[in-house]
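To be precise, the following lines are target05.cif, and they hold mmCIF, C-alpha atoms and all ligand atoms.
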```
data_coords
loop_
_atom_site.label_atom_id
_atom_site.label_comp_id
_atom_site.auth_asym_id
_atom_site.auth_seq_id
_atom_site.Cartn_x
_atom_site.Cartn_y
_atom_site.Cartn_z
CA ALA T 18 8.55 0.87 27.85
CA LEU T 19 11.94 2.37 27.06
CA VAL T 20 10.70 3.73 23.77
CA ASP T 21 7.15 4.90 23.19
CA ARG T 22 5.25 6.12 20.18
CA GLY T 23 5.51 9.72 21.37
CA GLY T 24 1.87 10.47 20.61
CA TYR T 25 1.97 8.95 17.13
CA ARG T 26 -0.24 6.10 16.11
CA HIS T 27 2.67 3.98 14.91
CA PHE T 28 6.41 3.82 15.38
CA MET T 29 6.84 4.08 11.63
CA LEU T 30 5.18 7.49 11.56
CA LYS T 31 7.09 8.64 14.65
CA GLU T 32 10.36 7.55 13.06
CA ILE T 33 9.53 9.31 9.77
CA MET T 34 8.77 12.48 11.73
CA GLU T 35 12.09 12.28 13.59
CA GLN T 36 14.10 12.56 10.38
CA PRO T 37 15.00 16.26 10.58
CA GLN T 38 16.68 15.57 13.93
CA VAL T 39 18.22 12.39 12.55
CA VAL T 40 20.00 14.29 9.76
CA ALA T 41 21.08 17.01 12.17
CA GLY T 42 22.36 14.34 14.56
CA ALA T 43 24.33 12.58 11.82
CA LEU T 44 26.04 15.88 10.93
CA ARG T 45 26.78 16.90 14.51
CA GLY T 46 30.47 16.92 15.31
CA ARG T 47 31.29 15.83 11.75
CA VAL T 48 31.36 19.12 9.87
CA ASN T 49 33.44 22.23 10.24
CA PHE T 50 31.76 24.81 8.08
CA ASP T 51 34.35 27.58 8.46
CA ALA T 52 37.20 25.34 7.38
CA GLY T 53 35.02 23.66 4.72
CA ARG T 54 35.96 20.29 6.17
CA VAL T 55 34.21 17.08 7.01
CA GLU T 56 35.71 15.58 10.15
CA LEU T 57 35.13 11.95 10.95
CA PRO T 58 36.92 11.34 14.25
CA ASP T 59 35.83 7.69 14.20
CA PHE T 60 37.14 6.98 10.71
CA PRO T 61 39.74 4.25 11.23
CA PHE T 62 42.23 5.03 8.45
CA LEU T 63 44.79 7.80 8.07
CA GLU T 64 44.80 10.29 5.22
CA ASP T 65 47.85 8.53 3.72
CA GLU T 66 45.97 5.28 3.69
CA ILE T 67 42.93 6.90 2.11
CA ARG T 68 45.11 8.17 -0.73
CA ASP T 69 46.09 4.56 -1.42
CA PHE T 70 42.51 3.32 -1.70
CA ARG T 71 41.86 2.13 -5.23
CA ARG T 72 38.25 1.07 -4.88
CA VAL T 73 35.23 1.10 -2.60
CA VAL T 74 32.79 -1.80 -2.26
CA LEU T 75 29.52 -1.09 -0.46
CA THR T 76 27.38 -3.88 0.90
CA GLY T 77 24.28 -4.56 2.99
CA CYS T 78 20.78 -6.04 2.78
CA GLY T 79 17.31 -4.64 2.26
CA THR T 80 17.06 -0.94 2.96
CA SER T 81 20.75 -0.82 3.87
CA LEU T 82 21.57 -2.23 0.42
CA HIS T 83 19.59 0.62 -1.12
CA ALA T 84 21.58 3.10 0.95
CA ALA T 85 24.69 1.43 -0.48
CA HIS T 86 23.41 2.15 -4.00
CA VAL T 87 23.00 5.83 -3.14
CA GLY T 88 26.46 5.81 -1.53
CA ARG T 89 28.04 4.47 -4.68
CA TYR T 90 26.96 7.54 -6.64
CA LEU T 91 28.09 9.89 -3.88
CA ILE T 92 31.54 8.30 -3.55
CA GLU T 93 32.11 8.23 -7.31
CA ARG T 94 31.03 11.85 -7.59
CA PHE T 95 32.81 13.37 -4.61
CA ALA T 96 35.83 11.11 -4.14
CA GLY T 97 36.49 10.07 -7.73
CA LEU T 98 36.99 6.47 -6.62
CA PRO T 99 35.56 3.45 -8.41
CA ALA T 100 32.67 2.25 -6.26
CA GLU T 101 30.53 -0.86 -6.53
CA VAL T 102 27.59 -2.33 -4.67
CA GLU T 103 27.41 -5.96 -3.63
CA SER T 104 24.30 -7.52 -2.19
CA ALA T 105 25.58 -9.06 1.08
CA SER T 106 23.29 -12.05 0.62
CA GLU T 107 24.91 -12.91 -2.70
CA TYR T 108 28.42 -12.05 -1.69
CA ARG T 109 29.49 -15.46 -0.46
CA TYR T 110 28.52 -17.10 -3.74
CA ARG T 111 30.91 -14.95 -5.69
CA GLU T 112 34.65 -14.84 -5.78
CA PRO T 113 35.13 -11.18 -5.08
CA PHE T 114 38.46 -9.60 -5.75
CA LEU T 115 39.43 -7.63 -2.68
CA ASP T 116 42.77 -6.48 -1.35
CA SER T 117 44.18 -4.01 1.14
CA ASP T 118 43.61 -1.14 -1.31
CA THR T 119 39.87 -1.78 -1.21
CA LEU T 120 37.64 -0.07 1.32
CA VAL T 121 34.61 -2.21 2.11
CA VAL T 122 31.70 -0.27 3.61
CA ALA T 123 29.12 -2.50 5.29
CA ILE T 124 25.82 -0.81 6.09
CA SER T 125 23.51 -2.34 8.70
CA GLN T 126 21.02 -0.73 11.04
CA SER T 127 21.16 -3.61 13.50
CA GLY T 128 24.74 -4.66 12.84
CA GLU T 129 23.48 -8.23 13.22
CA THR T 130 22.20 -9.25 9.78
CA ALA T 131 23.74 -12.67 9.15
CA ASP T 132 24.44 -12.12 5.45
CA THR T 133 26.10 -8.77 6.08
CA ILE T 134 28.24 -10.20 8.87
CA ALA T 135 29.29 -13.08 6.61
CA ALA T 136 30.28 -10.64 3.85
CA MET T 137 32.27 -8.60 6.38
CA GLN T 138 34.08 -11.69 7.64
CA ASP T 139 35.01 -12.67 4.12
CA ALA T 140 36.21 -9.15 3.30
CA LYS T 141 38.36 -9.18 6.40
CA GLU T 142 39.92 -12.52 5.50
CA ARG T 143 40.78 -11.16 2.08
CA GLY T 144 42.61 -8.26 3.70
CA ALA T 145 40.26 -5.43 2.72
CA ARG T 146 39.84 -2.33 4.89
CA LEU T 147 36.54 -2.58 6.67
CA LEU T 148 34.24 0.24 7.73
CA SER T 149 30.75 -0.23 9.10
CA ILE T 150 27.88 2.22 9.15
CA CYS T 151 25.47 1.04 11.81
CA ASN T 152 23.03 2.13 14.45
CA SER T 153 24.11 -0.20 17.22
CA GLU T 154 27.44 0.32 18.94
CA GLU T 155 27.13 -3.05 20.64
CA SER T 156 26.74 -5.06 17.45
CA GLN T 157 28.74 -7.74 15.70
CA ALA T 158 29.29 -5.42 12.75
CA ALA T 159 30.80 -2.80 15.04
CA ARG T 160 33.12 -5.38 16.58
CA LEU T 161 34.22 -6.86 13.24
CA ALA T 162 34.93 -3.61 11.43
CA ASP T 163 38.20 -1.68 11.65
CA GLY T 164 36.00 1.24 12.64
CA SER T 165 32.40 2.41 12.52
CA LEU T 166 30.42 5.52 11.77
CA TYR T 167 27.33 5.37 13.95
CA MET T 168 23.91 6.53 12.83
CA GLY T 169 23.02 7.66 16.36
CA CYS T 170 19.30 7.69 15.60
CA GLY T 171 18.07 5.98 18.73
CA MET T 172 16.28 2.67 18.46
CA GLU T 173 14.26 2.00 15.32
CA ILE T 174 11.18 -0.08 16.10
CA GLY T 175 9.24 -0.06 12.84
CA VAL T 176 10.24 -3.19 10.93
CA ALA T 177 10.41 -1.23 7.69
CA SER T 178 13.44 1.05 8.05
CA THR T 179 12.90 4.76 7.57
CA LYS T 180 15.04 7.03 9.72
CA THR T 181 18.05 4.72 9.54
CA PHE T 182 17.99 4.93 5.73
CA ILE T 183 18.10 8.72 5.97
CA ALA T 184 20.92 8.48 8.53
CA SER T 185 22.89 6.05 6.35
CA VAL T 186 22.58 8.27 3.29
CA THR T 187 23.61 11.35 5.29
CA ILE T 188 26.70 9.52 6.58
CA LEU T 189 27.54 8.25 3.08
CA PHE T 190 27.30 11.83 1.86
CA LEU T 191 29.82 12.84 4.53
CA LEU T 192 32.01 9.86 3.69
CA GLY T 193 32.04 10.82 0.00
CA ILE T 194 33.12 14.35 0.83
CA TYR T 195 35.64 13.10 3.39
CA LEU T 196 37.31 10.73 0.92
CA GLY T 197 37.30 13.48 -1.72
CA GLN T 198 38.88 15.90 0.72
CA ALA T 199 41.67 13.47 1.67
CA ARG T 200 42.32 12.78 -2.01
CA ALA T 201 42.37 16.51 -2.82
CA ARG T 202 39.45 16.16 -5.20
CA LEU T 203 37.22 18.88 -3.76
CA SER T 204 38.22 22.48 -3.12
CA PRO T 205 37.38 24.03 0.27
CA GLU T 206 34.79 26.23 -1.50
CA VAL T 207 33.01 23.26 -3.02
CA ARG T 208 33.13 21.45 0.31
CA ARG T 209 31.74 24.46 2.12
CA ASP T 210 28.83 24.59 -0.33
CA LEU T 211 28.16 20.88 0.07
CA ILE T 212 28.26 21.16 3.86
CA ALA T 213 25.90 24.15 3.77
CA ASP T 214 23.53 22.17 1.55
CA LEU T 215 23.56 19.26 3.96
CA ALA T 216 22.99 21.60 6.88
CA SER T 217 19.83 22.90 5.18
CA THR T 218 18.38 19.41 4.83
CA PRO T 219 16.75 19.14 8.29
CA ARG T 220 14.76 22.31 7.59
CA LEU T 221 13.74 21.11 4.12
CA ILE T 222 12.64 17.72 5.42
CA GLY T 223 10.78 19.47 8.25
CA GLU T 224 8.85 21.51 5.68
CA MET T 225 7.80 18.35 3.87
CA LEU T 226 6.61 16.77 7.12
CA ALA T 227 4.59 19.76 8.28
CA ASP T 228 1.41 18.80 6.47
CA VAL T 229 0.60 15.18 5.68
CA SER T 230 -3.04 15.71 4.66
CA GLN T 231 -2.30 15.24 0.95
CA TYR T 232 -0.98 11.73 1.63
CA LYS T 233 -4.27 10.62 3.12
CA VAL T 234 -6.06 11.77 -0.04
CA LEU T 235 -3.49 10.12 -2.33
CA ALA T 236 -3.58 6.92 -0.28
CA GLN T 237 -7.31 6.57 -0.83
CA LYS T 238 -6.79 7.05 -4.51
CA PHE T 239 -3.86 4.67 -4.88
CA SER T 240 -4.50 1.93 -2.32
CA GLY T 241 -6.67 0.03 -4.81
CA TYR T 242 -3.85 -0.56 -7.30
CA ASN T 243 -2.28 -4.01 -7.24
CA SER T 244 0.91 -3.09 -8.97
CA PHE T 245 3.29 -0.15 -8.89
CA LEU T 246 6.34 0.75 -10.88
CA TYR T 247 8.77 3.20 -9.23
CA LEU T 248 11.03 4.93 -11.70
CA GLY T 249 14.05 7.16 -11.22
CA ARG T 250 17.28 7.93 -13.03
CA GLY T 251 20.85 8.24 -11.85
CA ILE T 252 21.15 8.47 -8.10
CA ASN T 253 17.36 8.61 -7.81
CA SER T 254 17.07 5.14 -9.31
CA ALA T 255 18.27 3.93 -5.90
CA ILE T 256 15.49 5.95 -4.25
CA ALA T 257 13.01 4.27 -6.61
CA LEU T 258 14.21 0.88 -5.32
CA GLU T 259 13.79 1.99 -1.72
CA GLY T 260 10.37 3.57 -2.33
CA ALA T 261 9.10 0.36 -3.93
CA LEU T 262 10.51 -1.71 -1.07
CA LYS T 263 8.71 0.48 1.50
CA LEU T 264 5.40 0.05 -0.30
CA LYS T 265 5.65 -3.73 -0.60
CA GLU T 266 6.89 -4.17 2.97
CA VAL T 267 4.03 -2.33 4.65
CA SER T 268 1.10 -2.49 2.22
CA TYR T 269 1.74 -5.86 0.49
CA ILE T 270 1.20 -4.23 -2.89
CA HIS T 271 3.48 -5.51 -5.62
CA ALA T 272 5.95 -2.75 -6.40
CA GLU T 273 9.08 -2.73 -8.51
CA GLY T 274 11.79 -0.13 -8.47
CA TYR T 275 13.49 0.38 -11.81
CA PRO T 276 16.08 2.65 -13.34
CA ALA T 277 13.84 4.55 -15.74
CA GLY T 278 16.09 3.91 -18.73
CA GLU T 279 15.37 0.18 -18.39
CA MET T 280 11.63 0.71 -18.64
CA LYS T 281 11.57 0.16 -22.38
CA HIS T 282 13.34 -3.18 -21.97
CA GLY T 283 10.46 -4.92 -20.23
CA PRO T 284 8.34 -3.09 -17.65
CA ILE T 285 6.71 -1.01 -20.39
CA ALA T 286 4.82 -4.16 -21.40
CA LEU T 287 2.95 -4.03 -18.08
CA ILE T 288 1.66 -0.51 -18.44
CA ASP T 289 -2.08 -0.02 -18.77
CA ARG T 290 -4.73 1.84 -16.80
CA ASN T 291 -4.47 -0.62 -13.92
CA MET T 292 -0.78 0.00 -13.35
CA ALA T 293 0.39 2.90 -11.20
CA THR T 294 3.78 4.48 -11.87
CA LEU T 295 5.55 6.64 -9.36
CA ALA T 296 8.02 8.80 -11.29
CA LEU T 297 10.84 10.61 -9.51
CA ALA T 298 11.40 13.67 -11.67
CA PRO T 299 12.99 16.46 -9.64
CA ARG T 300 14.69 19.30 -11.47
CA ASP T 301 18.11 17.75 -11.84
CA ARG T 302 20.43 16.88 -14.70
CA LEU T 303 18.16 13.99 -15.75
CA TYR T 304 14.87 15.89 -15.65
CA ASP T 305 14.33 15.82 -19.43
CA LYS T 306 14.92 12.08 -19.54
CA MET T 307 12.36 11.50 -16.80
CA ALA T 308 9.88 13.77 -18.57
CA GLY T 309 10.30 11.47 -21.59
CA ASN T 310 9.55 8.40 -19.47
CA ILE T 311 6.45 10.01 -18.02
CA LYS T 312 5.14 10.77 -21.51
CA GLU T 313 5.74 7.16 -22.56
CA VAL T 314 3.74 5.88 -19.58
CA LYS T 315 0.91 8.34 -20.21
CA ALA T 316 0.82 7.41 -23.92
CA ARG T 317 0.00 3.85 -22.78
CA ARG T 318 -2.71 5.03 -20.40
CA GLY T 319 -0.69 4.33 -17.28
CA ILE T 320 -1.48 6.26 -14.12
CA VAL T 321 1.39 8.49 -13.03
CA LEU T 322 2.12 9.97 -9.63
CA GLY T 323 4.93 12.44 -10.22
CA VAL T 324 7.40 13.44 -7.50
CA LEU T 325 8.36 16.86 -8.85
CA THR T 326 10.04 20.04 -7.74
CA GLU T 327 7.72 22.76 -6.47
CA GLY T 328 6.69 25.16 -9.20
CA ASP T 329 7.01 22.55 -11.97
CA THR T 330 3.65 23.24 -13.60
CA GLU T 331 4.91 21.84 -16.90
CA LEU T 332 5.28 18.22 -15.76
CA ALA T 333 2.45 18.58 -13.26
CA ALA T 334 0.16 19.02 -16.27
CA GLU T 335 1.33 15.68 -17.72
CA VAL T 336 0.77 13.48 -14.68
CA ASP T 337 -2.34 12.35 -12.79
CA ASP T 338 -1.18 13.36 -9.33
CA THR T 339 1.79 15.14 -7.82
CA LEU T 340 3.96 15.25 -4.74
CA PHE T 341 6.27 18.22 -4.56
CA LEU T 342 9.80 18.53 -3.25
CA PRO T 343 11.17 21.87 -2.11
CA THR T 344 13.62 23.52 -4.51
CA ALA T 345 17.12 22.41 -3.53
CA PRO T 346 20.57 21.70 -4.99
CA GLU T 347 20.23 18.56 -7.05
CA HIS T 348 22.42 16.35 -4.90
CA LEU T 349 19.93 16.77 -2.04
CA TYR T 350 17.02 15.31 -4.01
CA PRO T 351 17.75 11.69 -3.05
CA LEU T 352 17.44 12.57 0.64
CA LEU T 353 14.39 14.75 0.12
CA ALA T 354 12.56 12.40 -2.24
CA THR T 355 12.83 9.53 0.23
CA VAL T 356 10.43 11.22 2.64
CA PRO T 357 7.28 11.42 0.46
CA LEU T 358 7.77 7.79 -0.58
CA GLN T 359 7.84 6.70 3.07
CA LEU T 360 4.69 8.68 3.85
CA LEU T 361 2.92 7.36 0.78
CA ALA T 362 3.71 3.76 1.76
CA TYR T 363 2.61 4.42 5.33
CA TYR T 364 -0.75 5.95 4.43
CA ILE T 365 -1.51 3.40 1.72
CA ALA T 366 -0.81 0.61 4.23
CA LEU T 367 -3.10 2.29 6.77
CA ASP T 368 -5.82 2.59 4.16
CA ARG T 369 -5.51 -1.15 3.48
CA GLY T 370 -5.69 -1.94 7.19
CA CYS T 371 -2.17 -3.40 7.37
CA ASP T 372 -0.09 -3.71 10.50
CA VAL T 373 2.51 -1.11 9.52
CA ASP T 374 4.88 -1.61 12.44
CA GLN T 375 4.85 -5.41 12.26
CA PRO T 376 4.27 -6.45 8.65
CA ARG T 377 3.54 -10.12 8.10
CA ASN T 378 6.50 -12.44 7.40
CA LEU T 379 9.16 -9.79 8.04
CA ALA T 380 11.66 -9.51 10.87
CA LYS T 381 13.45 -6.38 12.03
CA SER T 382 16.73 -8.17 11.97
CA VAL T 383 17.43 -11.35 10.01
CA THR T 384 20.09 -13.31 11.86
CA VAL T 385 19.91 -16.45 9.72
CA GLU T 386 21.14 -16.98 6.17
C1 LIG T 401 15.42 -6.90 7.49
C2 LIG T 401 14.53 -5.71 7.80
C3 LIG T 401 14.82 -4.56 6.84
C4 LIG T 401 16.30 -4.24 6.84
C5 LIG T 401 17.17 -5.46 6.56
C6 LIG T 401 18.65 -5.18 6.82
O1 LIG T 401 15.03 -7.46 6.27
O2 LIG T 401 13.17 -6.07 7.73
O3 LIG T 401 14.08 -3.40 7.21
O4 LIG T 401 16.57 -3.24 5.88
O5 LIG T 401 16.79 -6.53 7.43
O6 LIG T 401 18.82 -4.89 8.17
P1 LIG T 401 20.08 -4.18 8.76
O7 LIG T 401 19.87 -4.20 10.26
O8 LIG T 401 21.27 -5.01 8.35
O9 LIG T 401 20.15 -2.82 8.20
#
```
Would you encode the structure as C-alpha cells?
Ligand code: G6P
Amino acid sequence: ALVDRGGYRHFMLKEIMEQPQVVAGALRGRVNFDAGRVELPDFPFLEDEIRDFRRVVLTGCGTSLHAAHVGRYLIERFAGLPAEVESASEYRYREPFLDSDTLVVAISQSGETADTIAAMQDAKERGARLLSICNSEESQAARLADGSLYMGCGMEIGVASTKTFIASVTILFLLGIYLGQARARLSPEVRRDLIADLASTPRLIGEMLADVSQYKVLAQKFSGYNSFLYLGRGINSAIALEGALKLKEVSYIHAEGYPAGEMKHGPIALIDRNMATLALAPRDRLYDKMAGNIKEVKARRGIVLGVLTEGDTELAAEVDDTLFLPTAPEHLYPLLATVPLQLLAYYIALDRGCDVDQPRNLAKSVTVE
C-alpha cells in the first residue's frame, strides 16, 4: 500500500498524531519571521487587488465548512474585512450577491465535493475572485480556482477529517494575517507576534498528544451517553460544531454543537443527568461567559466535561471531568482545542466498537449533490 497506518491501529489516530508536522508543513515557506511577514507565493491576486476587496465569502461542506467558520473570525479580526460563511450545499438555492470585489474562499480536502464545486462555478460566473484551500493539487477545485493554497498534508484516509481541518485552519490564519498585512491593518510587530505564536503551535499540539491515557478513561465514562451538547463561544463556537461532528461521525452518538449563548433558547430544555455537555472554556476573552454556561448546566444536573486551560482549578472544581489545554495566546485556542475533541471522539468510538476509519453511511468524498 502507498500509505500505511505507520504502527497505529487506525488511520484516524495516525492522522491525529501527525498534526504537529501538519501545522509546521502548512507554515513552511509561508512565513518570514524577521520581516514579520506572511508570504503566500501561490496567492493569485496582487496587493493592489487585495486592497480593493470589499468582502470575503467562505464556503465548503462538513469539516471544511467548520474550518470556514473559524476562518471568518480570523479574517474579520486580522484583515478587518466583512466575512461570511455559506454552506456550499445550500449555496445554489440562494441568490448570493457576489462581484469582483468579493473574494470567495472554497475549502475542500478532496477538491471534488460536488456541492463545493457547484458553489465555486456559480461564484466564478458571478465574477467573484476565487481562491481554494485544498489538499489535492490534481482536483477540480484546484483547476477552477484562480489560485490555491495547498494543505500539503499527504493523503487523508480516515473518513472523518482531522489533520486537514488543522491544516485548513492554519492556512486561514495565515490568510487572515496576509490580507491584514496587504491592507495595512497589522503592524510588523503584531505580525511578528502572531507568526511566533503560530510557530509554537506544533510543539503545543505535540505536548497534548504525548499522553493519551486520560482519553481511554474518559471514553469509558462517556461512551454510554446517548446525547452530547458541545458548547463554545466566539471563535470556539466553530470548534464546538466540529467536535460534535467528529463524535457523531465516528461513534454514532447524537451530538450537537452550539454557540453557548444560544443554549438558553432551546438546548437548555434537554439538560438532565443523562445529557453530557462538553464545554470549551479556555482562558480567553469569553471565559466568564462560558463559566456562566457551565454553572447553568450544573444547576440542572447536567454532566459537564470541561476543556479548560491548565491550572484552572476554579472551573475544574465546577465540572465533572476535565481536559486541559496548554497555556497559550487566546487566538491559538481554536487550533489547540480541536485536538482533544478528536481524541475524545476516537476513543469513545473505539469503546463502542465502531469502525472509526470507515463509519457507516459516510463517504470520504461526496461527488453527488
Ligand atoms: C464528506 C466527508 C467529510 C468532509 C466532507 C467535505 O462528507 O465525510 O469528512 O468534511 O465530505 O469534504 P471535502 O473534501 O470537500 O473537504
**Item:** Point-to-point distance in Å for atom C1 of ligand LIG 401 (chain T) and CA of Ala236 in chain T
**Value:** 24.7 Å
**Request:** Have a look at T:Ala257, T:Ala177, T:Met168, T:Ala85 and name the one nearest to ligand LIG 401 (chain T); count only C-alpha atoms and all ligand atoms.
**Result:**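 Selected residue with least distance to ligand LIG 401 (chain T): T:Ala177.
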**Item:** At most 8 Å from ligand LIG 401 (chain T) (only C-alpha atoms and all ligand atoms): residue list as a list of chain:residue names
**Value:**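 So, counting only C-alpha atoms and all ligand atoms, the residues near ligand LIG 401 (chain T) are T:Gly77, T:Cys78, T:Gly79, T:Thr80, T:Ser81, T:Leu82, T:Ile124, T:Ser125, T:Gln126, T:Ser127, T:Gly128, T:Glu129, T:Thr130, T:Thr133, T:Cys151, T:Val176, T:Ala177, T:Ser178, T:Thr181, T:Leu379, T:Ala380, T:Lys381, T:Ser382, T:Val383.
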**Message:** For a cutoff of 12 Å around the file-coordinate point (47.2, 1.6, -1.1), which residues qualify once you count all atoms listed in the file? I'd like the result as a VMD selection string.
**Reply:** chain T and resid 62 to 72 116 to 120 144 to 146
Kindly save the residues from that selection, with C-alpha atoms included, as an mmCIF file, keeping the file's coordinate frame.
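Written out: out_6.cif:
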```cif
data_model
loop_
_atom_site.group_PDB
_atom_site.id
_atom_site.type_symbol
_atom_site.label_atom_id
_atom_site.label_comp_id
_atom_site.auth_asym_id
_atom_site.auth_seq_id
_atom_site.Cartn_x
_atom_site.Cartn_y
_atom_site.Cartn_z
ATOM 1 C CA PHE T 62 42.230 5.030 8.450
ATOM 2 C CA LEU T 63 44.790 7.800 8.070
ATOM 3 C CA GLU T 64 44.800 10.290 5.220
ATOM 4 C CA ASP T 65 47.850 8.530 3.720
ATOM 5 C CA GLU T 66 45.970 5.280 3.690
ATOM 6 C CA ILE T 67 42.930 6.900 2.110
ATOM 7 C CA ARG T 68 45.110 8.170 -0.730
ATOM 8 C CA ASP T 69 46.090 4.560 -1.420
ATOM 9 C CA PHE T 70 42.510 3.320 -1.700
ATOM 10 C CA ARG T 71 41.860 2.130 -5.230
ATOM 11 C CA ARG T 72 38.250 1.070 -4.880
ATOM 12 C CA ASP T 116 42.770 -6.480 -1.350
ATOM 13 C CA SER T 117 44.180 -4.010 1.140
ATOM 14 C CA ASP T 118 43.610 -1.140 -1.310
ATOM 15 C CA THR T 119 39.870 -1.780 -1.210
ATOM 16 C CA LEU T 120 37.640 -0.070 1.320
ATOM 17 C CA GLY T 144 42.610 -8.260 3.700
ATOM 18 C CA ALA T 145 40.260 -5.430 2.720
ATOM 19 C CA ARG T 146 39.840 -2.330 4.890
#
```
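Taking CA of Ala213 in chain T as the reference point, CA of Gly53 in chain T is found at 9.2 Å.
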